[in-house]
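Remarks on the structure that follows.
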Amino acid sequence: MLLLSILTAAVAPGISLLMYFYLKDRYDAEPISMVIRVFLLGVLIVLPIMVIQRGLLIWLGDHNFLFAFGISAGVEELVKWFVLYHIIYNHTEFDEPYDGILYAVAISLGFATVENVLYAIFQPASFGSLFVRALLPVSGHALFGVTMGYYLGKAKFAQGARVRQFIILSLTLAIIEHGVYDWIMGSGTVYWIWFIVPLMIYLWVKGMRKINRANARSPFRLLRREEEVKL
């Protein structure tokens with residue numbers, strides 16, 4: 001019974017955050033079945049990511065900076081980006097800028113949820129430690145996804161050379177944010193809390209601004225206003 005409670009506590013943050021970002025879509029809600037499929041893609045990529053990371057650790061070692069930006073953030077964000085770009089980017093349901101954010105958050109939270117469950121099973125997890133993980137790594141993955149999805153959304157509706165520019169930014173900025181997070185958490189300093197809290201506040205504030213900007217560029221925004229005027 002205790003194990004079931006802990007596992008529920010491990011899964012709940014990811015599901016809650018997914019619903020939060022799903023409801024942030026103001027003008028044209030995505031099919032919930034599609035969002036769940038992308039979330040499950042995040043679950044499925046956990047194993048190949050773990051295999052790749054293990055191989056790189058054996059090959060390159062676990063130097064803090066290299067691990068943070070390359071083995072951890074680099075591999076995880078690259079695999080998530082690869083799946084999004086090749087499966088979601090040209091999908092017909094990707095029809096407004098905010099969709100990039102939602103699907104990137106969905107795949108990120110699928111990955112983060114499995115990571116949280118594995119932590120709960122193999123570490124001496126308590127509700128307190130899982131609460132901290134909900135505030136930090138789980139929400140962190142969601143916010144890295146906001147950055148990735150925001151620029152994928154801009155690329156989707158851009159033209160010319162700016163398409164390539166935004167696609168590159170979608171990957172590199174997510175890796176940088178994730179790498180900074182991992183570097184702080186793996187630094188070994190007892191003062192890590194003084195660095196990670198400002199970083200998370202920054203990511204949340206920036207993420208909410210990007211959400212508002214993406215919604216403001218929705219092609220369905222004017223249609224919604226016309227419908228409201230007719231009513």
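So you can find residues: chains in the structure tokens are A, B, ... in the order shown, residues in each start at 1, and ligands are numbered from 1 in order.
Residues of stretch 12-41 of chain A assigned to alpha helix (DSSP H) by DSSP on this structure's backbone: Ala12, Pro13, Gly14, Ile15, Ser16, Leu17, Leu18, Met19, Tyr20, Phe21, Tyr22, Leu23, Ile32, Ser33, Met34, Val35, Ile36, Arg37, Val38, Phe39, Leu40 and Leu41 of chain A.
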Could you pull the residues within 10 Å of A:Glu96, counting only C-alpha atoms, minus those fewer than 3 positions along the same chain, as a short mmCIF file (atom, residue, chain, number, x, y, z; two decimals) with N, CA, C and O atoms, in the first residue's frame?
```
data_model
loop_
_atom_site.label_atom_id
_atom_site.label_comp_id
_atom_site.auth_asym_id
_atom_site.auth_seq_id
_atom_site.Cartn_x
_atom_site.Cartn_y
_atom_site.Cartn_z
N ASP A 25 -3.79 26.26 -23.60
CA ASP A 25 -4.08 26.45 -25.02
C ASP A 25 -5.41 27.19 -25.14
O ASP A 25 -6.48 26.61 -24.93
N TYR A 27 -7.03 28.87 -27.74
CA TYR A 27 -7.87 29.07 -28.91
C TYR A 27 -8.25 27.80 -29.66
O TYR A 27 -9.29 27.75 -30.29
N ASP A 28 -7.40 26.77 -29.64
CA ASP A 28 -7.71 25.56 -30.40
C ASP A 28 -7.11 24.36 -29.69
O ASP A 28 -5.98 23.95 -30.00
N GLU A 30 -5.85 20.89 -28.51
CA GLU A 30 -5.40 19.71 -29.24
C GLU A 30 -6.20 18.48 -28.81
O GLU A 30 -6.70 18.42 -27.68
N GLU A 93 -1.99 18.18 -36.91
CA GLU A 93 -2.50 18.77 -35.67
C GLU A 93 -1.62 19.92 -35.17
O GLU A 93 -2.04 20.69 -34.31
N ASP A 99 1.04 24.85 -30.11
CA ASP A 99 1.10 23.40 -30.20
C ASP A 99 2.52 22.88 -30.02
O ASP A 99 2.74 21.80 -29.47
N GLY A 100 3.51 23.65 -30.50
CA GLY A 100 4.89 23.26 -30.29
C GLY A 100 5.22 23.14 -28.82
O GLY A 100 5.88 22.18 -28.38
N ILE A 101 4.76 24.12 -28.04
CA ILE A 101 5.00 24.09 -26.60
C ILE A 101 4.31 22.89 -25.96
O ILE A 101 4.91 22.15 -25.17
N GLY A 153 7.56 26.06 -32.61
CA GLY A 153 6.35 26.73 -33.07
C GLY A 153 6.65 27.94 -33.93
O GLY A 153 5.95 28.21 -34.92
N LYS A 154 7.70 28.68 -33.59
CA LYS A 154 8.10 29.82 -34.41
C LYS A 154 8.62 29.34 -35.76
O LYS A 154 8.34 29.96 -36.81
N LYS A 156 7.79 26.63 -37.33
CA LYS A 156 6.68 26.07 -38.11
C LYS A 156 5.99 27.14 -38.95
O LYS A 156 5.54 26.88 -40.08
N PHE A 157 5.92 28.36 -38.44
CA PHE A 157 5.17 29.41 -39.12
C PHE A 157 6.07 30.53 -39.62
O PHE A 157 5.58 31.60 -39.98
N ALA A 214 3.11 32.81 -27.70
CA ALA A 214 2.68 31.78 -28.64
C ALA A 214 1.18 31.83 -28.86
O ALA A 214 0.69 31.74 -30.00
N ASN A 215 0.41 31.98 -27.78
CA ASN A 215 -1.04 32.08 -27.91
C ASN A 215 -1.45 33.33 -28.68
O ASN A 215 -2.41 33.31 -29.45
N ARG A 217 -0.03 34.63 -31.12
CA ARG A 217 0.21 34.46 -32.55
C ARG A 217 -0.66 33.36 -33.17
O ARG A 217 -0.45 32.99 -34.32
N SER A 218 -1.61 32.87 -32.42
CA SER A 218 -2.47 31.80 -32.94
C SER A 218 -3.33 32.30 -34.09
O SER A 218 -3.97 33.35 -33.99
N PRO A 219 -3.38 31.56 -35.20
CA PRO A 219 -4.26 31.96 -36.30
C PRO A 219 -5.73 31.83 -35.95
O PRO A 219 -6.59 32.36 -36.67
N PHE A 220 -6.04 31.13 -34.86
CA PHE A 220 -7.43 30.95 -34.44
C PHE A 220 -7.91 32.07 -33.52
O PHE A 220 -9.08 32.11 -33.16
N ARG A 221 -7.00 32.97 -33.15
CA ARG A 221 -7.35 34.04 -32.21
C ARG A 221 -8.40 34.98 -32.82
O ARG A 221 -9.39 35.32 -32.16
#
```
Set the distance at 8 Å and use only C-alpha atoms: which residues neighbour A:Ile167 once local chain neighbours fewer than 5 positions away are removed? I'd like the list as number ranges by chain.
A: 151-152, 155
Could the residues in this selection be written to a file with C-alpha atoms, as a short mmCIF file (atom, residue, chain, number, x, y, z; two decimals), in the first residue's frame?
```cif
data_model
loop_
_atom_site.label_atom_id
_atom_site.label_comp_id
_atom_site.auth_asym_id
_atom_site.auth_seq_id
_atom_site.Cartn_x
_atom_site.Cartn_y
_atom_site.Cartn_z
CA TYR A 151 11.00 27.89 -31.06
CA LEU A 152 9.64 24.87 -32.93
CA ALA A 155 9.92 27.71 -36.99
#
```
Between atom CA of A:Ile201 and atom CA of A:Tyr103 lies a distance of 22.4 Å
Residue nearest A:Ala10 - candidates A:Ala120, A:Val83, A:Leu60, A:Ala112, atoms counted: only C-alpha atoms
A:Ala120
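In this model, the gap between atom CA of A:Ala106 and atom CA of A:Phe39 comes to 4.7 Å.
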Atom pair atom CA of A:Glu76 / atom CA of A:Tyr191: separation (Å):
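Result for atom CA of A:Glu76 versus atom CA of A:Tyr191: 26.1 Å, one decimal.
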Residue nearest A:Arg133 among A:Val38, A:Ile176, A:Met185, A:Leu78 (counting only C-alpha atoms)
A:Met185
Mind checking which residues fall within 12 Å of A:Leu18, counting only C-alpha atoms, ignoring those fewer than 6 positions away in the same chain, and posting them as a PyMOL selection string?
chain A and resi 11-12+24-25+32+35-36+38-39+101-110+112-113+138-139+141-143+145-146
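When only C-alpha atoms are used to measure the gap to A:Glu115, the shortest distance among A:Gly42, A:Pro198, A:Gly160, A:Gly179 belongs to A:Gly42.
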Have a look at A:Lys80, A:Arg209, A:Met50, A:Pro97 and name the one nearest to A:Ala158; count only C-alpha atoms.
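Under the stated criterion, the closest residue is A:Pro97.
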